[in-house]
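The structure under discussion appears below in the form of structure tokens.
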Amino acid sequence: MSAFVIPAPSQSVVPVLGRAELFPVRRILCVGRNYAAHRREMGGDDREPPFFFAKPADAVRTDGADIAYPSATSNLHHEIELVVALGAGGADIDTSAALDCVFGYAAGVDLTRRDLQSAAKDKGQPWEASKSFDASAPMGPIRPWAGAGAAPQGRIALSVNGATRQDASLSDMIWSVPEIIAQASRLWTLAPGDLIFTGTPEGVGPLVRGDRVQGEIEGVGEVAFKIV
Ligand code: MN
């Protein structure tokens, strides 16, 4: 009789700026179509509210690690996003109390197999294969943020090989950070370790092997990696 040897689960962690500690990732929620101009470039209806999807916690990559071009796609897209890291959670959180749950913020990229996403939309199928694949959530370190302080409102931008592709303002978000936390907490009980990718502005586009991706969020930080 043989026995399986099951290794201990590996915990995804994210560096915290200025501290020796690491942020342990529990869950990754993502907001879709949270900027009007991006919703239009995706062919969305202007009256349709944003919505949520998820990535597995082990999709996180940090420290600028190279990212292998994923399998089963020929149209990998970049989506620069503000990432909210929660230090507290709960259910049915009021918008007025939502920022008290914030541990910090980071710059992240929601990598997307756009061709598989388009096919899923056409067939009314789920998005997992287009959004929830290995290494689909590269991000920079988390900048701790006083929970009660206003969420960042500055520039959000992404360049590929030095050429700007996305350049917008966090103030263009349809759902603000506190609204996102409150909305998410109506659907899931949030907890410390949860990350929320808050949606991308317009200008998404394809990546190929060899591309150097650099994202920046004013007052928050950067994310950088190479596709190999
Ligand atoms: Mn996205």
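Chain labels follow the order of the structure tokens: the first chain is A, the next B, and so on; residue numbering restarts at 1 in every chain, and ligands are counted from 1 in their shown order.
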* To do: Check the DSSP output for the backbone and give back, as an MDAnalysis selection string, the residues of region 10-194 of chain A in helix (DSSP H, G or I).
  => chainID A and resid 36:41 57:59 95:101 114:123 128:131 170:172 177:187
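Residues of protein, DNA or RNA lying at most 10 Å from ligand 1, when only C-alpha atoms and all ligand atoms are considered, are Cys30, Val31, Gly32, Arg33, Asn34, His38, Phe52, Phe53, His77, His78, Glu79, Ile80, Glu81, Leu82, Gly108, Val109, Asp110, Leu111, Thr112, Lys131, Ala137, Phe197, Thr198, Gly199, Thr200, Pro201 and Val204 of chain A.
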Residues within 10 Å of region 95-97 of chain A, only C-alpha atoms, excluding chain neighbours under 3 positions, as a compact mmCIF listing (two decimals) with N, CA and C atoms, in the first residue's frame:
# COMPACT_ATOMS: atom_id res chain seq x y z
N ASP A 92 -21.32 42.79 5.67
CA ASP A 92 -22.21 43.95 5.68
C ASP A 92 -21.55 45.19 6.29
N ASP A 100 -11.70 51.73 7.54
CA ASP A 100 -11.06 51.23 8.76
C ASP A 100 -10.50 49.82 8.57
N CYS A 101 -10.95 49.13 7.51
CA CYS A 101 -10.47 47.75 7.25
C CYS A 101 -9.17 47.73 6.46
N GLY A 147 -5.76 53.53 8.20
CA GLY A 147 -7.06 53.06 7.74
C GLY A 147 -8.09 54.15 7.56
N ALA A 148 -8.11 55.10 8.49
CA ALA A 148 -9.14 56.13 8.44
C ALA A 148 -8.81 57.21 7.41
N SER A 176 -15.88 53.76 -5.52
CA SER A 176 -14.71 54.17 -4.76
C SER A 176 -14.23 53.01 -3.90
N VAL A 177 -13.05 53.16 -3.29
CA VAL A 177 -12.53 52.08 -2.44
C VAL A 177 -13.51 51.72 -1.31
N PRO A 178 -14.04 52.69 -0.55
CA PRO A 178 -14.99 52.28 0.51
C PRO A 178 -16.24 51.62 -0.05
N GLU A 179 -16.70 52.07 -1.22
CA GLU A 179 -17.88 51.43 -1.82
C GLU A 179 -17.58 50.00 -2.24
N ILE A 180 -16.36 49.77 -2.77
CA ILE A 180 -15.96 48.41 -3.16
C ILE A 180 -15.95 47.48 -1.95
N ILE A 181 -15.34 47.94 -0.86
CA ILE A 181 -15.27 47.11 0.35
C ILE A 181 -16.67 46.80 0.87
N ALA A 182 -17.53 47.84 0.91
CA ALA A 182 -18.89 47.63 1.40
C ALA A 182 -19.65 46.66 0.51
N GLN A 183 -19.52 46.84 -0.82
CA GLN A 183 -20.23 45.95 -1.76
C GLN A 183 -19.72 44.51 -1.62
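CA of Gly90 (chain A) is positioned 9.4 Å from CA of Arg186 (chain A).
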* Just the residues within 6 Å of region 159-170 of chain A, please, counting only C-alpha atoms, with nothing from its chain fewer than 6 positions along; format it as a PyMOL selection string. => chain A and resi 153+203+212-214
Restrict the calculation to only C-alpha atoms, then for each residue of region 113-207 of chain A with any atom at most 10 Å from an atom of region 54-74 of chain A give the closest atom pair and their distance in Å to one decimal, rows by chain and rising residue number, as CSV.
residue,atom,partner,partner_atom,distance
A:Arg113,CA,A:Thr73,CA,5.9
A:Arg114,CA,A:Thr73,CA,7.9
A:Asp115,CA,A:Thr73,CA,6.6
A:Leu116,CA,A:Thr73,CA,7.0
A:Trp127,CA,A:Ala54,CA,9.2
A:Glu128,CA,A:Lys55,CA,7.8
A:Ala129,CA,A:Ala72,CA,9.2
A:Ser130,CA,A:Thr73,CA,8.8
A:Lys131,CA,A:Lys55,CA,6.8
A:Ser132,CA,A:Lys55,CA,4.6
A:Phe133,CA,A:Ala59,CA,6.8
A:Asp134,CA,A:Ala59,CA,5.2
A:Ala135,CA,A:Ala59,CA,4.4
A:Ser136,CA,A:Ala59,CA,5.3
A:Ala137,CA,A:Val60,CA,4.6
A:Pro138,CA,A:Arg61,CA,4.4
A:Met139,CA,A:Thr62,CA,5.5
A:Gly140,CA,A:Thr62,CA,5.9
A:Pro141,CA,A:Thr62,CA,7.3
A:Gly193,CA,A:Ala57,CA,9.7
A:Asp194,CA,A:Ala57,CA,8.9
A:Leu195,CA,A:Ala57,CA,8.8
A:Ile196,CA,A:Ala54,CA,8.9
A:Phe197,CA,A:Ala54,CA,9.2
A:Pro206,CA,A:Ser74,CA,8.9
A:Leu207,CA,A:Tyr69,CA,8.6
Quick one: write out the picked residues with N, CA, C and O atoms as a compact mmCIF listing (two decimals), in the first residue's frame?
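Once everything was written out, this is result02.txt:
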# COMPACT_ATOMS: atom_id res chain seq x y z
N ARG A 113 -6.14 36.61 -20.10
CA ARG A 113 -6.15 35.96 -21.43
C ARG A 113 -7.38 36.50 -22.17
O ARG A 113 -8.49 35.95 -22.04
N ARG A 114 -7.18 37.60 -22.92
CA ARG A 114 -8.33 38.32 -23.47
C ARG A 114 -9.10 37.46 -24.47
O ARG A 114 -10.33 37.56 -24.58
N ASP A 115 -8.36 36.61 -25.23
CA ASP A 115 -9.06 35.77 -26.22
C ASP A 115 -9.98 34.77 -25.52
O ASP A 115 -11.12 34.55 -25.96
N LEU A 116 -9.51 34.19 -24.42
CA LEU A 116 -10.38 33.24 -23.70
C LEU A 116 -11.54 33.96 -23.03
O LEU A 116 -12.65 33.43 -22.93
N TRP A 127 -15.37 32.88 -16.18
CA TRP A 127 -14.14 33.58 -16.59
C TRP A 127 -12.85 32.95 -16.04
O TRP A 127 -11.77 33.47 -16.29
N GLU A 128 -12.93 31.87 -15.28
CA GLU A 128 -11.74 31.38 -14.57
C GLU A 128 -10.53 31.25 -15.47
O GLU A 128 -9.44 31.69 -15.13
N ALA A 129 -10.68 30.60 -16.62
CA ALA A 129 -9.52 30.35 -17.47
C ALA A 129 -8.92 31.63 -18.01
O ALA A 129 -7.73 31.68 -18.34
N SER A 130 -9.73 32.70 -18.10
CA SER A 130 -9.22 33.95 -18.65
C SER A 130 -8.60 34.86 -17.59
O SER A 130 -7.81 35.74 -17.92
N LYS A 131 -8.95 34.63 -16.33
CA LYS A 131 -8.52 35.55 -15.27
C LYS A 131 -7.74 34.89 -14.14
O LYS A 131 -6.97 35.56 -13.46
N SER A 132 -7.96 33.62 -13.89
CA SER A 132 -7.51 33.01 -12.63
C SER A 132 -6.38 32.01 -12.83
O SER A 132 -6.33 30.99 -12.16
N PHE A 133 -5.48 32.32 -13.78
CA PHE A 133 -4.41 31.38 -14.10
C PHE A 133 -3.15 31.65 -13.27
O PHE A 133 -3.08 32.63 -12.51
N ASP A 134 -2.15 30.77 -13.44
CA ASP A 134 -0.90 30.87 -12.67
C ASP A 134 -0.25 32.24 -12.91
O ASP A 134 -0.14 32.70 -14.05
N ALA A 135 0.23 32.86 -11.86
CA ALA A 135 0.99 34.11 -11.93
C ALA A 135 0.20 35.25 -12.57
O ALA A 135 0.78 36.18 -13.13
N SER A 136 -1.13 35.20 -12.46
CA SER A 136 -1.96 36.22 -13.10
C SER A 136 -2.12 37.49 -12.26
O SER A 136 -2.85 38.40 -12.67
N ALA A 137 -1.45 37.54 -11.11
CA ALA A 137 -1.62 38.72 -10.24
C ALA A 137 -0.27 39.25 -9.75
O ALA A 137 0.00 39.30 -8.55
N PRO A 138 0.60 39.72 -10.68
CA PRO A 138 1.84 40.37 -10.23
C PRO A 138 1.52 41.67 -9.50
O PRO A 138 0.61 42.40 -9.91
N MET A 139 2.25 41.95 -8.45
CA MET A 139 2.02 43.20 -7.71
C MET A 139 3.28 43.65 -7.00
O MET A 139 4.20 42.87 -6.77
N GLY A 140 3.33 44.94 -6.69
CA GLY A 140 4.43 45.51 -5.94
C GLY A 140 4.18 45.37 -4.45
O GLY A 140 3.17 44.81 -4.02
N PRO A 141 5.11 45.89 -3.63
CA PRO A 141 4.95 45.81 -2.18
C PRO A 141 3.76 46.64 -1.71
O PRO A 141 3.32 47.58 -2.38
N GLY A 193 -5.91 39.80 5.26
CA GLY A 193 -5.23 39.01 4.24
C GLY A 193 -5.91 39.05 2.89
O GLY A 193 -5.34 38.62 1.89
N ASP A 194 -7.12 39.58 2.85
CA ASP A 194 -7.81 39.69 1.55
C ASP A 194 -7.21 40.84 0.75
O ASP A 194 -6.91 41.91 1.28
N LEU A 195 -7.05 40.59 -0.55
CA LEU A 195 -6.64 41.62 -1.50
C LEU A 195 -7.81 41.90 -2.43
O LEU A 195 -8.51 40.97 -2.84
N ILE A 196 -8.01 43.16 -2.77
CA ILE A 196 -9.04 43.51 -3.75
C ILE A 196 -8.39 44.33 -4.87
O ILE A 196 -7.88 45.43 -4.62
N PHE A 197 -8.38 43.77 -6.09
CA PHE A 197 -7.97 44.51 -7.29
C PHE A 197 -9.18 45.35 -7.72
O PHE A 197 -10.27 44.80 -7.92
N PRO A 206 -2.16 44.17 -25.56
CA PRO A 206 -1.45 42.89 -25.54
C PRO A 206 0.00 42.98 -25.08
O PRO A 206 0.66 44.01 -25.23
N LEU A 207 0.48 41.88 -24.52
CA LEU A 207 1.88 41.71 -24.12
C LEU A 207 2.46 40.53 -24.89
O LEU A 207 1.75 39.56 -25.18
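Using only C-alpha atoms, the nearest neighbour of Asp46 (chain A) within the list A:Ala157, A:Gly219, A:Ile174, A:Gly18 is A:Ile174.
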* Asked: In Å, how far is it from CA of Phe225 (chain A) to CA of Glu202 (chain A)?
  -> 20.4 Å
* **Separation of CA of Val228 (chain A) from CA of Pro15 (chain A), in Å and rounded to one decimal** => 23.1 Å
